[in-house]
Amino acid sequence: MSSATTTPATAEKLPREHYLNATYGIRSWLLTTDHKRIALLYLISVTFFFFIGGLFAALIRIHLLTPGGYLVTPETYNKLFTMHGVAMIFFFLIPSIPAVLGNFLIPIMIGAKDLAFPKINLLSWYIYLLGGAFVLYSFATGGLDTGWTFYTPLSSIYSNSAVTPAVLGIFINGFSSILTGLNFIVTVHTMRAPGMTWLRLPLFVWAHYATSLIFILGTPVIAITLLLAGLERMFHFGFFNPAYGGDPILFQHLFWFYSHPAVYIMILPAMGVISEIIPTFARKPIFGYDFIAASSIGIAVIGFIVWAHHMFLTGQSTYSAVAFSFLTFLVAIPSAVKVFNWTSTLYKGSIAYDTPMLYGLGFIGLFTIGGLTGLFLACLGLDIHLHDTYFVVAHFHYIMVGGAIMGYLGGIHFWWPKITGRLYPEFLARVAAIVLFIGFNLTFFPQFILGYLGMPRRYHDYPPEYQVLNVMSTAGASILALGYLLPMVYLTWSMRYGKVAGKNPWPATGLEWTTDSPPLTENFHETPVVDWEVYDFEHRPELGLKGAIGKKPAPAHGDD
Amino acid sequence: MSEHIVSPKIYGLIFLALMVGTALTVWAAYQNFGPFNIVIALGIATIKASLVILFFMHGKYSSKRTKLVIVCGFFWLAIMLGLTLADYSSRHPEPSRTQVLPSAPAAFRA
Amino acid sequence: MHRTGELYGQFQTLDQQKESATLGMWVFIAQEILFFGGLFLAYTINRHTYSTAFGVGGNMLSLPLGAANTVVLILSSLTMAMAVWSATTSKKKLVSLFLVLTLALGCVFLGVKVIEYKQKFDHHLIPGHGFDIAYCSKNPAACGLTGKELATEVEEIENGLKADPDLNAHAQLYYSLYFAMTGLHALHMIIGAGLLLWLIQQSMKGRFDAAYNTPVENIGLYWHFVDIVWIYLFPLLYLINRHLA
C-alpha cells in the first residue's frame, strides 16, 4: 500500500509529559478531577458491568438451546433476563459513550482545559459505583425477576425477589446521569475556545449536547417513579395497587416517559461517533452538517412525546394510542436524515476500511434495519401481533448492539491512539470487527423470524418448531462473544506494545487531533484559537490531504 | 460585572403581592366556584410562582438562555402531564371497588 | 484544577466561572421540576379519579398551620433575596444576618411540619395498617374535636362514604401522596438548610461582596425553587374542598 506520499522518517515518540504520567499512585486516580482519567475510570466500570450483563445473556442463550428449558427453573429464567436488562441498560449502555468517550473528548474537542465542573464529574463516577453496588447486592441476594421494566404491581407488591435494593441502586445511578448531563450542557455553553462557534462544533459534541438534554429532562422522572414503587413496596403506599385504587398504568406512563428517551440516550452518542468516523475515513466533509446537528436535537425533543408506544396493548385509550403511533412515525424522520447524510458523505469519498470505518459502516446498515423494524412496531395493527415477541427483542438489539455498541467500539478504536498514545494491531482489529458483525447478525436476525412466527419474549420455554432458529441464535451469540473478547485482549496488549501513534494518525480534522497523544492534563499547551470550519480537509494543509479529496488516500497510519 | 441589582423596595412589593395572593387563595377556597375552584387556585399559584421566578430569582433580568432553560423545564412538565392526561381523559375506567355502591341493583350486592 | 483566589483552574475568567455556575444551577432546577413533576402527575390523576376522598383527606389538614407555613416560607424567600442584594452591594454583615434569618424561618417551617406529621400519626392517618380516615369522627376526644367541628367532620365522613364506599382506601392514596410530596419537599428544605449553614459560615469570613457572590445567588435560586414547590403544594393539598366543609 505504498505511494509517493510521506511516511514518517523517524518513529513517533510518546510525549514526555501527559495525563497518564502526570501524577502517580492510586489516590491520584481515585481523587482525580481530570476528565480524561475519570473517563478511564468509567471505562473500567462499564466494562465490568458489560461482563455481568453478558454473563446473563450467555446463560439465557444456553438455556434457550432446547425447548423444555433444562438449564434453569422458570423463576430463575425470569431473573436472568431481568438482570441482563438492568445491568446492560442502566450500567453499561446509558453511561458508555457519554461517560467514557464524552468525558474524555468533549473538553478537548471544544478547546477547553476540562469540563465546567470537574469535581462533580468525579462525584458522578462515585454515585455510579454506589448505585451499582446496590444493584449488585440485589443480584447477589436473590436477584430480580420483574423484568427491567419493573411493572407494578409485580415489582411493588408481589415479587419475592430483591427489588428494593435494585430500584434504590437505579435511583442513585440516575443522579450520576443527571450530573453528567448538567456538566456537558454547561461546558458546551460556556467553555468553548475562541473561534469555536456552535456551527464549528464537531457533531460528536452536538450529539452529546442533545443526549444531555435527555439526561436532564428525563432521568428525574424515572427517579421519582422508582422511588414511588419502592415506597409502595416498603410502606404499602398504594399508588400502583388496584386494591387501594392505585393504577398500574400510571406506573407505566411514568416509567416510559423516561425509558423511551433513554433509548435515545443510548443511540445519540453512537450517532455522534459515526458522524466523526465517516468523514475521516471517506476523506470528505460531512454532508449536511446543519441537518445532522438539528436532527440530533430533533431526536431528543420528539423522543419525549412517543413513550406510550410501549403501552399499546396494556390499557391506554385508543385515541391516545393513535396519537402516539403517529408521533412515533415522526421520530423516525430525523434518524433517517442522519442515515441519508452519512451515505451522501460516503458518495464520491475516498474510502479507507480501517477498523473504525468497519464499525461505522456496520452501524449504518444495522441501525437502519433496527430503525425500520421500529416502524413496524409503531403500526398499531402490527403491534398487536408483534408486541412482547422476539420481534421486539430483535428490533431493540439491532439498535442497541448493532447500533450503540458498534458505535462505542468504533469510537474506542478511533480515539484509542489519542487516549493511549498507541495504535492497536490493525489486522486483528478488522478481523474482530467482522467476527462481531457476523456473530451479531447470526444471533439476532433469527429472532425477527421467531417473533414474526409468534414466539413470545420473556418465556423460558418454547414449542419445538422454534428450536432451529433458537440454536442459530445461540451459535451467533458465541461468535459475538468472541468478537467482544478479541478487542479486550488486543487493546490491552496495545497499551504496552502498540506502535506509538503520534498526534494525528488517521488523519482527522478535529481539535483533539492537534494536541499530543496522550494529551497533557490541561489538554493543550496553549489555548487554541479556532479559525477553520469543521471537517474541512481541503483547507488544512498540515493534515497532508490537500487535493486528496476524491483521490486515492494516503496511508492512514504506519501499522500495515 | 454587568449585573442588574434589584432594589429592596421591589422585593418588598413582591412580597406583599405574594401575601395578598396567599390570602386570596385561602378566601377563594371557601367560596363555591364549582369546577373553577381548582382553576383559580392553580392560577393564583402560578402568578405567585411567576413573581418569585421573575423577581426573587432575577428571571426578568436574566439572559435569553436562562429564560429558555426555565421555559423548557415547565414545558417538559406540561408534556408529561398533558399527554398522560390525554390518555386518562379519553377513557373512563371503572374505579376499582372493594364494595358495591348501595345504588347498585340488588343482584350485585354482596 | 486548582483555585487561584476565587477562580478555579478550568475557567479562563471569573465571568466565565459565574456564568457556568449560574447556568448549572438553573439546569439543575429544570431537572428538579421534572422530579417533583412525577409526583404532581400522580396527584393529578388520582385527584381526578377520587375527588371525594381527596376532599375529605385535605380537609383534615390544619389550614392555619399550612397557611402559616406558606407565609413563613415566602418570608424566607424575601430574606434570601435580601441576602443576595446585601452581597451584591458589599454589605457583608447584612449578608450573614439575612442568611441567618432565612435559615431560622426554614427551621420554623420544618418545625411546623414535624407538628403536623405527629398529628397525622396520632389521628391514624399514616398510610399502612391502622389507617382510618374516620378515626377522629369515631374518637373525637383523642383528636380534640368538639361541638360544631365534630358535627361537620362526622357529616363529611358520612357523605364521603355514601359517594365512595372505598373512602378509606382512596383517602389512604391521598395521604400517601401527601407524605410523599411534603416529605420530598421537606427533604429538599433540609438540604437547603445545610447549604445555608455553609453559606453563613463562609459569609462570616467576609467572603461575599460585589466582586464575588455567586454561591449566595445560586443557593438563593435553589431556595426560591423549594419555595415555589410549596406555593403549589399548599393549594393542592390544603385547599381542595374547603367550601364544602
# chains A, B, ... in the order shown; residues from 1 in each chain; ligands from 1
call {"tool": "closest_atom_pairs", "arguments": {"of": "chain A", "to": "chain C", "cutoff": "6 Å", "atoms": "only C-alpha atoms", "output": "CSV"}}
result
residue,atom,partner,partner_atom,distance
A:Lys113,CA,C:Gln10,CA,5.5
A:Asp114,CA,C:Gln10,CA,5.6
A:Val186,CA,C:Ser20,CA,5.9
A:Ile216,CA,C:Gln31,CA,5.3
A:Leu217,CA,C:Gln31,CA,5.6
A:Pro220,CA,C:Phe35,CA,4.6
A:Val221,CA,C:Phe35,CA,5.4
A:Ile224,CA,C:Phe35,CA,6.0
A:His236,CA,C:Gly128,CA,5.8
A:Phe237,CA,C:Ser176,CA,5.4
A:Tyr244,CA,C:Ala169,CA,5.0
call {"tool": "write_last_selection", "arguments": {"atoms": "N, CA and C atoms", "output": "mmCIF file, in the first residue's frame"}}
result
data_model
loop_
_atom_site.group_PDB
_atom_site.id
_atom_site.type_symbol
_atom_site.label_atom_id
_atom_site.label_comp_id
_atom_site.auth_asym_id
_atom_site.auth_seq_id
_atom_site.Cartn_x
_atom_site.Cartn_y
_atom_site.Cartn_z
ATOM 1 N N LYS A 113 -9.865 23.273 29.021
ATOM 2 C CA LYS A 113 -8.914 22.514 29.848
ATOM 3 C C LYS A 113 -9.583 21.351 30.547
ATOM 4 N N ASP A 114 -10.885 21.486 30.781
ATOM 5 C CA ASP A 114 -11.595 20.425 31.478
ATOM 6 C C ASP A 114 -13.074 20.737 31.310
ATOM 7 N N VAL A 186 -23.507 22.697 30.444
ATOM 8 C CA VAL A 186 -22.848 23.945 30.837
ATOM 9 C C VAL A 186 -21.522 24.089 30.102
ATOM 10 N N ILE A 216 -31.127 15.427 31.517
ATOM 11 C CA ILE A 216 -31.657 16.399 32.473
ATOM 12 C C ILE A 216 -33.169 16.302 32.590
ATOM 13 N N LEU A 217 -33.846 16.166 31.450
ATOM 14 C CA LEU A 217 -35.300 16.267 31.497
ATOM 15 C C LEU A 217 -35.988 14.929 31.734
ATOM 16 N N PRO A 220 -34.872 12.485 35.975
ATOM 17 C CA PRO A 220 -35.586 12.700 37.232
ATOM 18 C C PRO A 220 -36.923 11.976 37.310
ATOM 19 N N VAL A 221 -37.540 11.740 36.149
ATOM 20 C CA VAL A 221 -38.842 11.094 36.190
ATOM 21 C C VAL A 221 -38.710 9.624 36.549
ATOM 22 N N ILE A 224 -38.147 9.500 40.357
ATOM 23 C CA ILE A 224 -39.315 9.602 41.224
ATOM 24 C C ILE A 224 -40.208 8.372 41.077
ATOM 25 N N HIS A 236 -46.260 0.097 51.678
ATOM 26 C CA HIS A 236 -47.614 -0.186 51.199
ATOM 27 C C HIS A 236 -48.392 1.071 50.904
ATOM 28 N N PHE A 237 -47.757 2.008 50.203
ATOM 29 C CA PHE A 237 -48.431 3.272 49.969
ATOM 30 C C PHE A 237 -49.633 3.166 49.037
ATOM 31 N N TYR A 244 -56.075 -0.493 46.369
ATOM 32 C CA TYR A 244 -56.253 0.792 47.028
ATOM 33 C C TYR A 244 -56.745 1.854 46.067
#
call {"tool": "closest_atom_pairs", "arguments": {"of": "chain C", "to": "chain B", "cutoff": "6 Å", "atoms": "only C-alpha atoms", "output": "Markdown table"}}
result
| residue | atom | partner | partner_atom | distance |
| --- | --- | --- | --- | --- |
| C:Ala30 | CA | B:Gly73 | CA | 4.5 |
| C:Leu34 | CA | B:Leu77 | CA | 5.9 |
| C:Leu41 | CA | B:Leu81 | CA | 5.8 |
| C:Ala81 | CA | B:Phe56 | CA | 5.8 |
| C:Leu221 | CA | B:Met57 | CA | 5.7 |
| C:Ile228 | CA | B:Ala49 | CA | 5.5 |
| C:Ile231 | CA | B:Ala45 | CA | 5.9 |
| C:Tyr232 | CA | B:Ala45 | CA | 5.8 |
| C:Leu239 | CA | B:Ala29 | CA | 5.8 |
| C:Arg242 | CA | B:Tyr30 | CA | 5.3 |
| C:His243 | CA | B:Tyr30 | CA | 4.1 |
call {"tool": "write_last_selection", "arguments": {"atoms": "C-alpha atoms", "output": "tab-separated table (two decimals), in the first residue's frame"}}
result
chain	number	residue	atom	x	y	z
C	30	ALA	CA	-35.08	22.41	35.48
C	34	LEU	CA	-39.37	17.11	36.37
C	41	LEU	CA	-48.77	13.82	37.76
C	81	ALA	CA	-33.33	37.76	48.15
C	221	LEU	CA	-32.04	30.15	43.35
C	228	ILE	CA	-42.20	27.61	44.51
C	231	ILE	CA	-46.59	27.55	46.59
C	232	TYR	CA	-48.17	24.78	44.52
C	239	LEU	CA	-57.42	23.78	49.81
C	242	ARG	CA	-62.83	23.74	51.91
C	243	HIS	CA	-66.04	25.27	50.63
call {"tool": "closest_residue", "arguments": {"among": "A:Phe281, A:Tyr19, A:Ala193, A:Val322", "to": "chain B", "atoms": "only C-alpha atoms"}}
result
A:Val322
call {"tool": "interface_residues", "arguments": {"of": "chain A", "to": "chain B", "cutoff": "9 Å", "atoms": "only C-alpha atoms", "output": "PyMOL selection string"}}
result
chain A and resi 217+242-246+250+253-254+257+304-305+308+316-321
call {"tool": "select_by_dssp", "arguments": {"residues": "region 64-199 of chain A", "states": "helix (DSSP H, G or I)", "output": "PyMOL selection string"}}
result
chain A and resi 74-110+118-140+154-158+163-190+198-199
call {"tool": "write_last_selection", "arguments": {"atoms": "C-alpha atoms", "output": "short mmCIF file (atom, residue, chain, number, x, y, z; two decimals), in the first residue's frame"}}
result
data_model
loop_
_atom_site.label_atom_id
_atom_site.label_comp_id
_atom_site.auth_asym_id
_atom_site.auth_seq_id
_atom_site.Cartn_x
_atom_site.Cartn_y
_atom_site.Cartn_z
CA PRO A 74 -38.68 -20.73 35.12
CA GLU A 75 -38.27 -18.44 38.13
CA THR A 76 -34.52 -18.27 37.58
CA TYR A 77 -35.05 -17.61 33.89
CA ASN A 78 -37.14 -14.56 34.81
CA LYS A 79 -34.23 -13.37 36.91
CA LEU A 80 -31.73 -13.92 34.09
CA PHE A 81 -33.44 -11.70 31.54
CA THR A 82 -34.24 -9.09 34.18
CA MET A 83 -30.70 -8.80 35.44
CA HIS A 84 -29.34 -8.88 31.88
CA GLY A 85 -31.52 -5.90 31.06
CA VAL A 86 -30.82 -3.92 34.23
CA ALA A 87 -27.05 -4.39 34.03
CA MET A 88 -26.81 -3.67 30.33
CA ILE A 89 -29.17 -0.72 30.12
CA PHE A 90 -28.52 1.25 33.28
CA PHE A 91 -24.91 0.36 33.93
CA PHE A 92 -23.44 -0.19 30.51
CA LEU A 93 -25.35 1.32 27.59
CA ILE A 94 -26.53 4.56 29.16
CA PRO A 95 -23.18 5.61 30.61
CA SER A 96 -20.89 4.01 27.99
CA ILE A 97 -20.25 6.55 25.28
CA PRO A 98 -21.08 9.71 27.25
CA ALA A 99 -19.12 8.81 30.37
CA VAL A 100 -16.15 7.27 28.59
CA LEU A 101 -15.76 9.00 25.23
CA GLY A 102 -17.83 12.09 26.03
CA ASN A 103 -15.94 12.80 29.22
CA PHE A 104 -12.59 12.27 27.54
CA LEU A 105 -13.24 14.18 24.35
CA ILE A 106 -15.70 16.99 24.86
CA PRO A 107 -13.35 19.43 26.61
CA ILE A 108 -10.59 18.72 24.08
CA MET A 109 -12.94 18.99 21.13
CA ILE A 110 -14.05 22.46 22.21
CA PRO A 118 -14.54 18.63 37.35
CA LYS A 119 -15.32 17.67 40.94
CA ILE A 120 -18.95 16.98 40.07
CA ASN A 121 -17.62 14.79 37.28
CA LEU A 122 -15.76 12.67 39.82
CA LEU A 123 -18.81 12.64 42.07
CA SER A 124 -20.81 11.27 39.14
CA TRP A 125 -18.49 8.29 38.96
CA TYR A 126 -18.76 7.57 42.67
CA ILE A 127 -22.54 7.85 42.52
CA TYR A 128 -22.49 5.39 39.63
CA LEU A 129 -20.44 2.97 41.75
CA LEU A 130 -22.77 3.36 44.71
CA GLY A 131 -25.81 2.66 42.54
CA GLY A 132 -24.01 -0.28 41.00
CA ALA A 133 -23.17 -1.65 44.44
CA PHE A 134 -26.84 -1.66 45.46
CA VAL A 135 -27.81 -3.41 42.24
CA LEU A 136 -25.05 -6.00 42.62
CA TYR A 137 -26.26 -6.57 46.16
CA SER A 138 -29.72 -7.15 44.75
CA PHE A 139 -28.32 -9.61 42.21
CA ALA A 140 -26.43 -11.47 44.89
CA LEU A 154 -45.45 -7.33 40.43
CA SER A 155 -42.46 -5.23 41.40
CA SER A 156 -44.14 -3.19 44.11
CA ILE A 157 -46.14 -5.91 45.81
CA TYR A 158 -45.95 -9.49 44.65
CA VAL A 163 -36.50 -5.43 44.20
CA THR A 164 -35.91 -2.76 46.82
CA PRO A 165 -32.10 -2.59 46.68
CA ALA A 166 -32.28 -2.73 42.88
CA VAL A 167 -34.65 0.22 42.50
CA LEU A 168 -32.63 2.10 45.06
CA GLY A 169 -29.47 1.41 43.06
CA ILE A 170 -31.02 2.56 39.81
CA PHE A 171 -32.43 5.65 41.55
CA ILE A 172 -28.96 6.55 42.81
CA ASN A 173 -27.39 5.84 39.43
CA GLY A 174 -29.83 8.28 37.87
CA PHE A 175 -28.09 11.14 39.64
CA SER A 176 -24.83 10.11 38.02
CA SER A 177 -26.52 10.59 34.64
CA ILE A 178 -28.10 13.88 35.65
CA LEU A 179 -24.84 15.36 36.86
CA THR A 180 -23.01 14.23 33.71
CA GLY A 181 -25.69 15.80 31.54
CA LEU A 182 -25.56 19.01 33.56
CA ASN A 183 -21.79 19.15 33.21
CA PHE A 184 -21.92 18.64 29.45
CA ILE A 185 -24.61 21.25 28.86
CA VAL A 186 -22.85 23.95 30.84
CA THR A 187 -19.46 23.05 29.34
CA VAL A 188 -20.69 23.33 25.77
CA HIS A 189 -22.37 26.66 26.51
CA THR A 190 -19.60 28.37 28.43
CA TRP A 198 -21.78 26.44 17.67
CA LEU A 199 -21.64 25.68 13.97
#
